Each structure stands twice: as structure tokens, then as C-alpha cells.
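Asker: So here's run21.cif, just mmCIF, C-alpha atoms (C1' of nucleotides):
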```
data_target
loop_
_atom_site.group_PDB
_atom_site.id
_atom_site.type_symbol
_atom_site.label_atom_id
_atom_site.label_comp_id
_atom_site.auth_asym_id
_atom_site.auth_seq_id
_atom_site.Cartn_x
_atom_site.Cartn_y
_atom_site.Cartn_z
ATOM 1 C CA MET N 1 0.000 0.000 0.000
ATOM 2 C CA LYS N 2 1.347 3.410 -1.019
ATOM 3 C CA ILE N 3 0.434 6.477 1.010
ATOM 4 C CA ALA N 4 1.585 9.977 0.076
ATOM 5 C CA THR N 5 1.380 13.655 0.997
ATOM 6 C CA TRP N 6 1.811 16.723 -1.211
ATOM 7 C CA ASN N 7 1.397 20.441 -0.613
ATOM 8 C CA VAL N 8 0.148 21.475 -4.056
ATOM 9 C CA ASN N 9 -0.010 25.277 -3.506
ATOM 10 C CA SER N 10 -3.409 25.648 -5.252
ATOM 11 C CA LEU N 11 -5.207 22.559 -6.505
ATOM 12 C CA LYS N 12 -6.790 24.647 -9.267
ATOM 13 C CA VAL N 13 -3.362 25.271 -10.777
ATOM 14 C CA ARG N 14 -1.879 21.875 -9.918
ATOM 15 C CA LEU N 15 -4.717 19.448 -10.755
ATOM 16 C CA PRO N 16 -3.018 18.280 -13.993
ATOM 17 C CA HIS N 17 0.165 17.490 -12.048
ATOM 18 C CA VAL N 18 -1.821 15.623 -9.401
ATOM 19 C CA LEU N 19 -3.703 13.526 -11.972
ATOM 20 C CA ASP N 20 -0.486 12.689 -13.837
ATOM 21 C CA TRP N 21 1.267 11.794 -10.599
ATOM 22 C CA LEU N 22 -1.585 9.513 -9.454
ATOM 23 C CA ALA N 23 -1.594 7.755 -12.826
ATOM 24 C CA THR N 24 2.168 7.210 -12.630
ATOM 25 C CA THR N 25 2.536 6.178 -8.988
ATOM 26 C CA ARG N 26 -0.831 4.434 -8.517
ATOM 27 C CA ALA N 27 -0.764 5.681 -4.906
ATOM 28 C CA ASP N 28 -3.558 4.243 -2.752
ATOM 29 C CA VAL N 29 -3.896 7.381 -0.646
ATOM 30 C CA LEU N 30 -2.791 10.952 -1.389
ATOM 31 C CA CYS N 31 -3.210 13.743 1.141
ATOM 32 C CA LEU N 32 -3.127 17.296 -0.196
ATOM 33 C CA GLN N 33 -2.461 20.618 1.486
ATOM 34 C CA GLU N 34 -3.066 24.204 0.362
ATOM 35 C CA THR N 35 -5.898 23.378 -2.012
ATOM 36 C CA LYS N 36 -6.863 27.075 -1.643
ATOM 37 C CA MET N 37 -10.451 26.488 -2.745
ATOM 38 C CA GLU N 38 -13.969 26.165 -1.431
ATOM 39 C CA ASP N 39 -15.570 22.749 -1.397
ATOM 40 C CA LYS N 40 -18.113 23.714 -4.071
ATOM 41 C CA VAL N 41 -15.329 23.962 -6.695
ATOM 42 C CA PHE N 42 -13.309 20.931 -5.526
ATOM 43 C CA PRO N 43 -12.683 18.604 -8.534
ATOM 44 C CA TYR N 44 -14.529 15.538 -7.208
ATOM 45 C CA ALA N 45 -15.595 14.432 -10.704
ATOM 46 C CA GLU N 46 -12.097 14.540 -12.216
ATOM 47 C CA LEU N 47 -10.688 12.586 -9.287
ATOM 48 C CA GLU N 48 -13.484 10.036 -9.407
ATOM 49 C CA ALA N 49 -12.805 9.548 -13.109
ATOM 50 C CA ALA N 50 -9.196 8.820 -12.123
ATOM 51 C CA GLY N 51 -10.406 6.190 -9.650
ATOM 52 C CA TYR N 52 -10.241 8.154 -6.394
ATOM 53 C CA CYS N 53 -12.755 8.902 -3.672
ATOM 54 C CA ALA N 54 -12.112 12.250 -1.990
ATOM 55 C CA ALA N 55 -12.891 14.264 1.109
ATOM 56 C CA HIS N 56 -12.056 17.964 1.350
ATOM 57 C CA ASN N 57 -11.905 20.580 4.102
ATOM 58 C CA GLY N 58 -11.406 23.822 2.246
ATOM 59 C CA GLN N 59 -11.857 27.575 2.196
ATOM 60 C CA LYS N 60 -11.324 30.388 -0.262
ATOM 61 C CA THR N 61 -7.763 31.637 -0.964
ATOM 62 C CA TYR N 62 -5.855 29.991 1.894
ATOM 63 C CA ASN N 63 -5.208 26.591 3.479
ATOM 64 C CA GLY N 64 -7.483 23.660 2.575
ATOM 65 C CA VAL N 65 -6.716 19.939 2.936
ATOM 66 C CA ALA N 66 -7.969 16.850 1.114
ATOM 67 C CA ILE N 67 -7.666 13.068 1.293
ATOM 68 C CA LEU N 68 -7.840 11.056 -1.938
ATOM 69 C CA ALA N 69 -8.130 7.267 -1.781
ATOM 70 C CA ARG N 70 -8.762 4.317 -4.066
ATOM 71 C CA GLY N 71 -10.873 2.768 -1.293
ATOM 72 C CA ALA N 72 -13.776 4.216 0.660
ATOM 73 C CA LEU N 73 -13.247 7.027 3.208
ATOM 74 C CA GLU N 74 -14.900 6.368 6.557
ATOM 75 C CA ASP N 75 -15.300 8.251 9.851
ATOM 76 C CA ILE N 76 -14.376 11.566 8.238
ATOM 77 C CA ARG N 77 -13.581 14.308 10.761
ATOM 78 C CA PHE N 78 -12.884 17.958 10.103
ATOM 79 C CA ASP N 79 -10.513 20.261 12.037
ATOM 80 C CA ILE N 80 -9.150 19.738 15.560
ATOM 81 C CA PRO N 81 -12.024 19.062 17.968
ATOM 82 C CA GLY N 82 -12.273 21.698 20.685
ATOM 83 C CA PHE N 83 -9.733 24.037 19.068
ATOM 84 C CA VAL N 84 -11.377 27.185 17.754
ATOM 85 C CA ASP N 85 -9.771 27.958 14.401
ATOM 86 C CA GLN N 86 -11.077 29.638 11.234
ATOM 87 C CA GLN N 87 -8.290 28.054 9.179
ATOM 88 C CA LYS N 88 -9.002 24.770 7.402
ATOM 89 C CA ARG N 89 -5.904 22.732 8.173
ATOM 90 C CA VAL N 90 -6.934 19.249 9.337
ATOM 91 C CA LEU N 91 -8.912 16.386 7.850
ATOM 92 C CA ALA N 92 -9.031 12.792 9.136
ATOM 93 C CA ALA N 93 -10.491 9.664 7.563
ATOM 94 C CA THR N 94 -10.149 5.889 7.802
ATOM 95 C CA VAL N 95 -9.109 3.945 4.695
ATOM 96 C CA ASN N 96 -8.887 0.151 4.787
ATOM 97 C CA GLY N 97 -8.734 0.281 8.606
ATOM 98 C CA LEU N 98 -5.865 2.781 8.599
ATOM 99 C CA ARG N 99 -6.476 6.188 10.152
ATOM 100 C CA MET N 100 -5.176 9.053 8.001
ATOM 101 C CA VAL N 101 -4.739 12.474 9.584
ATOM 102 C CA CYS N 102 -3.909 15.041 6.906
ATOM 103 C CA ALA N 103 -2.497 18.281 8.319
ATOM 104 C CA TYR N 104 -1.347 21.631 6.962
ATOM 105 C CA MET N 105 0.505 22.946 9.978
ATOM 106 C CA PRO N 106 0.894 26.721 10.358
ATOM 107 C CA ASN N 107 3.906 28.462 8.844
ATOM 108 C CA GLY N 108 4.572 30.717 11.835
ATOM 109 C CA GLN N 109 5.951 33.597 9.729
ATOM 110 C CA ALA N 110 8.704 34.667 12.168
ATOM 111 C CA VAL N 111 9.928 33.572 15.583
ATOM 112 C CA GLY N 112 8.221 35.723 18.210
ATOM 113 C CA SER N 113 5.344 36.852 15.958
ATOM 114 C CA ASP N 114 1.667 36.316 16.751
ATOM 115 C CA LYS N 115 1.573 33.697 13.982
ATOM 116 C CA TYR N 116 4.471 31.852 15.626
ATOM 117 C CA GLU N 117 2.593 31.678 18.933
ATOM 118 C CA TYR N 118 -0.516 30.500 17.048
ATOM 119 C CA LYS N 119 1.614 27.800 15.426
ATOM 120 C CA LEU N 120 2.815 26.494 18.792
ATOM 121 C CA ARG N 121 -0.704 26.546 20.291
ATOM 122 C CA TRP N 122 -1.982 24.793 17.180
ATOM 123 C CA LEU N 123 0.712 22.090 17.371
ATOM 124 C CA ALA N 124 -0.112 21.426 21.035
ATOM 125 C CA ALA N 125 -3.812 21.061 20.182
ATOM 126 C CA LEU N 126 -3.021 18.693 17.323
ATOM 127 C CA GLY N 127 -0.901 16.593 19.692
ATOM 128 C CA ASP N 128 -3.863 16.227 22.067
ATOM 129 C CA PHE N 129 -6.081 15.225 19.135
ATOM 130 C CA ILE N 130 -3.596 12.639 17.846
ATOM 131 C CA ARG N 131 -3.270 11.094 21.313
ATOM 132 C CA GLU N 132 -7.042 10.551 21.316
ATOM 133 C CA GLU N 133 -7.144 9.247 17.746
ATOM 134 C CA LEU N 134 -4.420 6.697 18.523
ATOM 135 C CA GLN N 135 -6.556 5.156 21.248
ATOM 136 C CA ARG N 136 -9.317 4.391 18.765
ATOM 137 C CA TRP N 137 -7.096 3.690 15.734
ATOM 138 C CA PRO N 138 -3.726 2.098 16.618
ATOM 139 C CA GLN N 139 -2.894 2.029 12.898
ATOM 140 C CA LEU N 140 -2.489 5.769 12.320
ATOM 141 C CA VAL N 141 -0.665 7.941 9.794
ATOM 142 C CA LEU N 142 -0.071 11.640 10.544
ATOM 143 C CA LEU N 143 1.071 13.236 7.315
ATOM 144 C CA GLY N 144 1.284 16.590 5.637
ATOM 145 C CA ASP N 145 3.149 19.865 5.533
ATOM 146 C CA TYR N 146 4.546 20.229 9.059
ATOM 147 C CA ASN N 147 6.384 23.482 8.339
ATOM 148 C CA ILE N 148 9.131 22.146 10.628
ATOM 149 C CA ALA N 149 12.594 20.916 9.650
ATOM 150 C CA PRO N 150 13.187 18.406 12.477
ATOM 151 C CA GLU N 151 17.004 18.434 12.479
ATOM 152 C CA ASP N 152 19.905 20.382 10.988
ATOM 153 C CA ARG N 153 20.446 17.632 8.410
ATOM 154 C CA ASP N 154 17.006 18.530 7.030
ATOM 155 C CA VAL N 155 18.222 22.059 6.204
ATOM 156 C CA HIS N 156 20.475 23.061 3.280
ATOM 157 C CA ASP N 157 22.152 25.825 5.307
ATOM 158 C CA PRO N 158 21.713 25.156 9.039
ATOM 159 C CA VAL N 159 23.827 28.168 10.019
ATOM 160 C CA ALA N 160 21.691 30.630 8.059
ATOM 161 C CA TRP N 161 18.476 28.996 9.303
ATOM 162 C CA LYS N 162 19.548 28.600 12.941
ATOM 163 C CA ASP N 163 16.744 29.722 15.278
ATOM 164 C CA GLN N 164 14.687 30.918 12.293
ATOM 165 C CA VAL N 165 11.068 29.932 11.829
ATOM 166 C CA LEU N 166 10.675 26.305 10.630
ATOM 167 C CA CYS N 167 13.929 25.421 12.457
ATOM 168 C CA SER N 168 13.579 26.931 15.940
ATOM 169 C CA GLU N 169 13.959 24.807 19.057
ATOM 170 C CA ARG N 170 10.357 25.289 20.169
ATOM 171 C CA GLU N 171 9.105 24.026 16.808
ATOM 172 C CA ARG N 172 11.520 21.086 16.868
ATOM 173 C CA THR N 173 10.384 20.228 20.397
ATOM 174 C CA ALA N 174 6.780 20.252 19.153
ATOM 175 C CA PHE N 175 7.791 17.865 16.368
ATOM 176 C CA ARG N 176 9.457 15.523 18.871
ATOM 177 C CA GLN N 177 6.237 15.499 20.903
ATOM 178 C CA PHE N 178 4.596 13.692 17.989
ATOM 179 C CA LEU N 179 7.411 11.131 18.138
ATOM 180 C CA ASP N 180 6.859 10.847 21.901
ATOM 181 C CA LEU N 181 3.295 9.685 21.162
ATOM 182 C CA GLY N 182 4.871 6.600 19.592
ATOM 183 C CA LEU N 183 4.975 7.864 16.009
ATOM 184 C CA ALA N 184 8.030 7.383 13.779
ATOM 185 C CA ASP N 185 9.308 9.627 10.984
ATOM 186 C CA ALA N 186 9.030 7.163 8.072
ATOM 187 C CA PHE N 187 11.846 8.877 6.162
ATOM 188 C CA ARG N 188 14.300 8.178 8.985
ATOM 189 C CA LEU N 189 13.396 4.496 9.274
ATOM 190 C CA PHE N 190 15.764 3.957 6.330
ATOM 191 C CA ASP N 191 19.236 4.933 5.226
ATOM 192 C CA GLN N 192 18.815 8.034 3.080
ATOM 193 C CA PRO N 193 21.159 10.089 0.919
ATOM 194 C CA GLU N 194 22.264 13.459 2.297
ATOM 195 C CA LYS N 195 20.662 16.746 1.278
ATOM 196 C CA ILE N 196 17.189 15.393 0.577
ATOM 197 C CA TYR N 197 14.489 18.049 0.927
ATOM 198 C CA SER N 198 10.766 18.429 0.243
ATOM 199 C CA TRP N 199 10.491 22.196 -0.303
ATOM 200 C CA TRP N 200 12.546 24.725 -2.274
ATOM 201 C CA ASP N 201 11.967 28.471 -2.547
ATOM 202 C CA TYR N 202 10.648 29.620 -5.918
ATOM 203 C CA ARG N 203 13.137 32.457 -5.852
ATOM 204 C CA GLN N 204 16.808 32.622 -6.781
ATOM 205 C CA MET N 205 16.966 29.151 -8.342
ATOM 206 C CA GLY N 206 16.318 27.473 -5.010
ATOM 207 C CA PHE N 207 15.478 24.132 -6.594
ATOM 208 C CA ARG N 208 18.314 24.065 -9.118
ATOM 209 C CA LEU N 209 20.791 24.861 -6.352
ATOM 210 C CA ASN N 210 19.053 22.368 -4.012
ATOM 211 C CA ARG N 211 18.588 25.041 -1.362
ATOM 212 C CA GLY N 212 15.754 23.265 0.370
ATOM 213 C CA LEU N 213 14.207 22.102 3.616
ATOM 214 C CA ARG N 214 12.610 18.794 4.585
ATOM 215 C CA ILE N 215 9.350 20.030 6.102
ATOM 216 C CA ASP N 216 6.792 17.557 4.688
ATOM 217 C CA HIS N 217 6.586 14.362 6.703
ATOM 218 C CA ILE N 218 4.816 11.041 7.114
ATOM 219 C CA LEU N 219 4.681 9.811 10.714
ATOM 220 C CA LEU N 220 3.606 6.227 11.386
ATOM 221 C CA SER N 221 2.258 4.590 14.520
ATOM 222 C CA LYS N 222 4.193 1.566 15.780
ATOM 223 C CA PRO N 223 2.369 -1.230 13.918
ATOM 224 C CA LEU N 224 2.647 0.715 10.662
ATOM 225 C CA ALA N 225 6.315 1.580 11.210
ATOM 226 C CA ALA N 226 6.931 -2.152 11.539
ATOM 227 C CA ALA N 227 5.154 -2.684 8.214
ATOM 228 C CA CYS N 228 6.930 0.161 6.401
ATOM 229 C CA ARG N 229 9.146 -0.941 3.507
ATOM 230 C CA GLY N 230 10.270 2.415 2.148
ATOM 231 C CA CYS N 231 9.935 6.204 2.203
ATOM 232 C CA ALA N 232 11.026 8.631 -0.494
ATOM 233 C CA ILE N 233 10.575 12.184 -1.718
ATOM 234 C CA ASP N 234 9.691 12.382 -5.421
ATOM 235 C CA LYS N 235 11.448 15.387 -6.957
ATOM 236 C CA ALA N 236 10.056 14.751 -10.451
ATOM 237 C CA PRO N 237 6.951 16.990 -10.174
ATOM 238 C CA ARG N 238 9.116 19.878 -8.923
ATOM 239 C CA LYS N 239 10.856 19.862 -12.332
ATOM 240 C CA LEU N 240 7.650 20.423 -14.324
ATOM 241 C CA GLU N 241 6.351 23.713 -15.697
ATOM 242 C CA ARG N 242 4.583 25.779 -13.010
ATOM 243 C CA PRO N 243 5.403 23.344 -10.187
ATOM 244 C CA SER N 244 4.320 23.432 -6.584
ATOM 245 C CA ASP N 245 7.191 24.566 -4.381
ATOM 246 C CA HIS N 246 6.776 21.266 -2.469
ATOM 247 C CA ALA N 247 7.505 17.710 -3.636
ATOM 248 C CA PRO N 248 5.384 14.691 -2.673
ATOM 249 C CA VAL N 249 6.521 12.274 0.036
ATOM 250 C CA ILE N 250 5.484 8.625 -0.299
ATOM 251 C CA VAL N 251 5.661 5.531 1.917
ATOM 252 C CA THR N 252 5.169 1.881 1.028
ATOM 253 C CA LEU N 253 3.484 -0.313 3.646
ATOM 254 C CA GLU N 254 3.220 -4.068 3.635
ATOM 255 C CA THR N 255 -0.350 -4.374 4.880
ATOM 256 C CA GLU N 256 -2.211 -7.510 5.812
ATOM 257 C CA PRO N 257 -5.467 -8.236 3.997
ATOM 258 C CA ALA N 258 -8.334 -6.408 5.711
ATOM 259 C "C1'" DA V 1 17.654 45.102 0.258
ATOM 260 C "C1'" DT V 2 11.226 43.459 5.405
ATOM 261 C "C1'" DG V 3 14.254 41.963 -1.459
ATOM 262 C "C1'" DG V 4 14.417 37.855 -4.735
ATOM 263 C "C1'" DC V 5 8.784 34.036 -6.931
ATOM 264 C "C1'" DT V 6 3.974 32.264 -6.922
ATOM 265 C "C1'" DT V 7 -0.907 32.344 -5.915
ATOM 266 C "C1'" DG V 8 -5.476 34.435 -5.161
ATOM 267 C "C1'" DA V 9 -8.203 38.388 -5.091
ATOM 268 C "C1'" DG V 10 -9.595 41.228 -8.702
ATOM 269 C "C1'" DT V 11 -8.178 45.018 -12.498
ATOM 270 C "C1'" DG V 12 -4.717 48.125 -8.002
ATOM 271 C "C1'" DT V 13 -1.300 45.953 -6.005
ATOM 272 C "C1'" DC V 14 -1.182 43.582 -1.771
ATOM 273 C "C1'" DA V 15 -1.137 39.479 1.720
ATOM 274 C "C1'" DA V 16 0.858 35.205 2.593
ATOM 275 C "C1'" DG V 17 3.734 31.596 1.973
ATOM 276 C "C1'" DA V 18 8.470 29.293 3.868
#
```
Write the structure described by the file as C-alpha cells, please.
Answerer:
Amino acid sequence: MKIATWNVNSLKVRLPHVLDWLATTRADVLCLQETKMEDKVFPYAELEAAGYCAAHNGQKTYNGVAILARGALEDIRFDIPGFVDQQKRVLAATVNGLRMVCAYMPNGQAVGSDKYEYKLRWLAALGDFIREELQRWPQLVLLGDYNIAPEDRDVHDPVAWKDQVLCSERERTAFRQFLDLGLADAFRLFDQPEKIYSWWDYRQMGFRLNRGLRIDHILLSKPLAAACRGCAIDKAPRKLERPSDHAPVIVTLETEPA
DNA sequence: ATGGCTTGAGTGTCAAGA
């Protein structure tokens, strides 16, 4: 079973890339972030024609998350329960007995800003939610755009980024709190080459110079980590015309028949 | 260089991303 996440930076612009990528990879589940659209214009029909069921939690202009799956989506939940938030950043659904929690975590703008404090409050609330979800669904995947580079090796220039937003200690501590719930960073379950990233700035040839950050992640609960056979970041879509600034991350799980 | 691209909104030019 292949499960993936991709911040598409506008699904309206990127739908052709998404459809091509699904046809190529045959992923079973794809979680999207930054759809930047209301539900009434979400391309359900095009995705269904491609063989995918979909659930969407969207809004105009900003944010918006979706889960696409070859199988049925069950127990769909929107947002973080009990956390008052106008921003559409979380969507959860069960596929083939596996709980998927798709998250577009806040950017935080700058260390010390109001948005940074919102990010940390938001991350704490998500942690509480995931703890509850794990009790009901031991087979859980928390995946999406975390907007956190967990370690210096996930940063092209750790000196320049030191203590900056996406790399600050408080954000990295929040990331480790997900690991403390028993989740594992699928990418780090395997030997990986150096300088692998999932996001590159559009400006100043960031991608060509590989000036990137690894901020998109797939975290697996213990039974799924044991079943994980691989994790990779697919740079191919980042090379296309009008690409998203993020690349998809994909895991392969060896799952037992349901 | 509070910059450098890209998107959405909306038709001016700005907010937001990371």
C-alpha cells in the first residue's frame, strides 16, 4: 500500500500534475495541502474519473486539505475538535482500517510573531487530538506539511536557518512530541542520501541549487512503522512547468489483507 | 535590500507563503 502527501499550492493550478502523478505512482492514498479552494469547486468528478474517492476541508484563498483514496473514506472528521480555528488545516479519515490524519501545519511567519505563537498553540492542540485518535485507531498515519525541519540535516544551510522559523527549538520540540506519542518519521526508518528536501523556494533558483528544507513528513504509529518498507521524496513533479514549491513524500506499507 | 517568486483576489497591487 502506497500512502503519500503533497502540498500542491493551489489545486486549481496543480490538478493536472496531481492527476499525472496519481496515474504514474498508482498511490492508494494521497493527502493534499493548500488546495486554496472552497468545497463547491473541488474537482470531485475529475478525481473520481481517475479512480479516487475524496474528502475535502477547504476555504477560499488559503489553506485547505484533502484526502484522496482508491478505497472508501470512513469516519471523516474535520478540524481539531475543541480548538477554535477559522483556518481549514486538518482532515481525518479511515481507509482500509488505517487512520489518516492530513495536516497543513501553520507556517509561523517569524519567531516571536503572533503567527508563531498560534503555530505552537496549534501544534499542542493537534498533539492532544492525535493522542485521542491513537486510542481508537492504533494504525495511524499523521502526514502533511509540518512546516518544521526536524534536524539540521534537514536544512540546506543550518547556520543561516539557525533559530529561524521552521527550524527553531520550540518548533523542533513540538515535532518531537509527535514522536513521543509513539509515532516514527518514516523517512528516517531507512538509510537516506544526504541533502534530501521536500520544499525549495521559488526564488533565486532554489530548486536548481538544491537550497531546500525537509518540512513535509509522514509519521507512522508503531504497527505501521513495523510494516513500512520504504519512504522517499519524489522530486520529479518539482521539475515540471509551473510546479508546486513542495515535492510529494510517499511511503510503502506491507499491509495484511483487511 | 522586510528583497528575490507564486498564488489568489480582482483590475490596483497587496497578503501570505516558507
Asker: Could you state which residues are captured by the PyMOL selection byres ((chain V and resi 1-17) around 8) in this file, as a ChimeraX atom specification?
Answerer: /N:9-10,61,107,201-204 /V:18
Asker: Residues proximal to (-7.2, 2.3, 10.7) were defined as those with any atom within 12 Å of that point in the file's coordinates, counting only C-alpha atoms (C1' of nucleotides). Which are they, as a count of residues only?
Answerer: 30
Asker: Would you compute the distance between atom CA of Arg70 of chain N and atom CA of Gly58 of chain N? Give it in Å to one decimal.
Answerer: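 Computed distance, atom CA of Arg70 of chain N to atom CA of Gly58 of chain N, equals 20.7 Å.
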Asker: Counting all atoms listed in the file, collect the residues of chain N whose closest atom lies at most 10 Å from chain V, and write them out as a list of chain:residue names.
Answerer: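 Therefore, the residues near the partner are N:Asn9, N:Ser10, N:Val13, N:Lys36, N:Met37, N:Lys60, N:Thr61, N:Tyr62, N:Asn107, N:Gly108, N:Gln109, N:Ala110, N:Asn147, N:Ile148, N:Val165, N:Leu166, N:Trp199, N:Trp200, N:Asp201, N:Tyr202, N:Arg203, N:Gln204, N:Met205, N:Leu213, N:Ile215, N:Arg242, N:Pro243, N:Ser244, N:Asp245.
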Asker: Find the distance between atom CA of Leu126 of chain N and atom CA of Leu15 of chain N and write it in Å to one decimal.
Answerer: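 Spanning atom CA of Leu126 of chain N to atom CA of Leu15 of chain N is a straight-line distance of 28.1 Å.
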Asker: Any chance you could build segment 6-20 of chain N out to N, CA and C atoms and write it as a PDB file, in the coordinates of the input?
Answerer:
```pdb
ATOM      1  N   TRP N   6       1.292  15.721  -0.263  1.00  0.00           N
ATOM      2  CA  TRP N   6       1.811  16.723  -1.211  1.00  0.00           C
ATOM      3  C   TRP N   6       1.123  18.060  -0.956  1.00  0.00           C
ATOM      4  N   ASN N   7       1.910  19.073  -0.644  1.00  0.00           N
ATOM      5  CA  ASN N   7       1.397  20.441  -0.613  1.00  0.00           C
ATOM      6  C   ASN N   7       1.432  20.952  -2.048  1.00  0.00           C
ATOM      7  N   VAL N   8       0.238  21.164  -2.623  1.00  0.00           N
ATOM      8  CA  VAL N   8       0.148  21.475  -4.056  1.00  0.00           C
ATOM      9  C   VAL N   8       0.140  22.975  -4.351  1.00  0.00           C
ATOM     10  N   ASN N   9       0.016  23.822  -3.309  1.00  0.00           N
ATOM     11  CA  ASN N   9      -0.010  25.277  -3.506  1.00  0.00           C
ATOM     12  C   ASN N   9      -0.986  25.659  -4.615  1.00  0.00           C
ATOM     13  N   SER N  10      -2.263  25.412  -4.354  1.00  0.00           N
ATOM     14  CA  SER N  10      -3.409  25.648  -5.252  1.00  0.00           C
ATOM     15  C   SER N  10      -3.725  24.411  -6.094  1.00  0.00           C
ATOM     16  N   LEU N  11      -4.793  23.744  -5.742  1.00  0.00           N
ATOM     17  CA  LEU N  11      -5.207  22.559  -6.505  1.00  0.00           C
ATOM     18  C   LEU N  11      -5.756  22.954  -7.868  1.00  0.00           C
ATOM     19  N   LYS N  12      -6.291  24.175  -7.964  1.00  0.00           N
ATOM     20  CA  LYS N  12      -6.790  24.647  -9.267  1.00  0.00           C
ATOM     21  C   LYS N  12      -5.647  24.655 -10.290  1.00  0.00           C
ATOM     22  N   VAL N  13      -4.510  25.201  -9.874  1.00  0.00           N
ATOM     23  CA  VAL N  13      -3.362  25.271 -10.777  1.00  0.00           C
ATOM     24  C   VAL N  13      -2.724  23.892 -10.968  1.00  0.00           C
ATOM     25  N   ARG N  14      -2.696  23.091  -9.900  1.00  0.00           N
ATOM     26  CA  ARG N  14      -1.879  21.875  -9.918  1.00  0.00           C
ATOM     27  C   ARG N  14      -2.642  20.604 -10.259  1.00  0.00           C
ATOM     28  N   LEU N  15      -3.961  20.678 -10.499  1.00  0.00           N
ATOM     29  CA  LEU N  15      -4.717  19.448 -10.755  1.00  0.00           C
ATOM     30  C   LEU N  15      -4.104  18.579 -11.860  1.00  0.00           C
ATOM     31  N   PRO N  16      -3.635  19.149 -12.975  1.00  0.00           N
ATOM     32  CA  PRO N  16      -3.018  18.280 -13.993  1.00  0.00           C
ATOM     33  C   PRO N  16      -1.799  17.520 -13.455  1.00  0.00           C
ATOM     34  N   HIS N  17      -0.991  18.175 -12.638  1.00  0.00           N
ATOM     35  CA  HIS N  17       0.165  17.490 -12.048  1.00  0.00           C
ATOM     36  C   HIS N  17      -0.282  16.364 -11.117  1.00  0.00           C
ATOM     37  N   VAL N  18      -1.329  16.635 -10.347  1.00  0.00           N
ATOM     38  CA  VAL N  18      -1.821  15.623  -9.401  1.00  0.00           C
ATOM     39  C   VAL N  18      -2.349  14.408 -10.158  1.00  0.00           C
ATOM     40  N   LEU N  19      -3.138  14.649 -11.203  1.00  0.00           N
ATOM     41  CA  LEU N  19      -3.703  13.526 -11.972  1.00  0.00           C
ATOM     42  C   LEU N  19      -2.593  12.721 -12.650  1.00  0.00           C
ATOM     43  N   ASP N  20      -1.615  13.400 -13.211  1.00  0.00           N
ATOM     44  CA  ASP N  20      -0.486  12.689 -13.837  1.00  0.00           C
ATOM     45  C   ASP N  20       0.272  11.864 -12.805  1.00  0.00           C
TER      46      ASP N  20
END
```
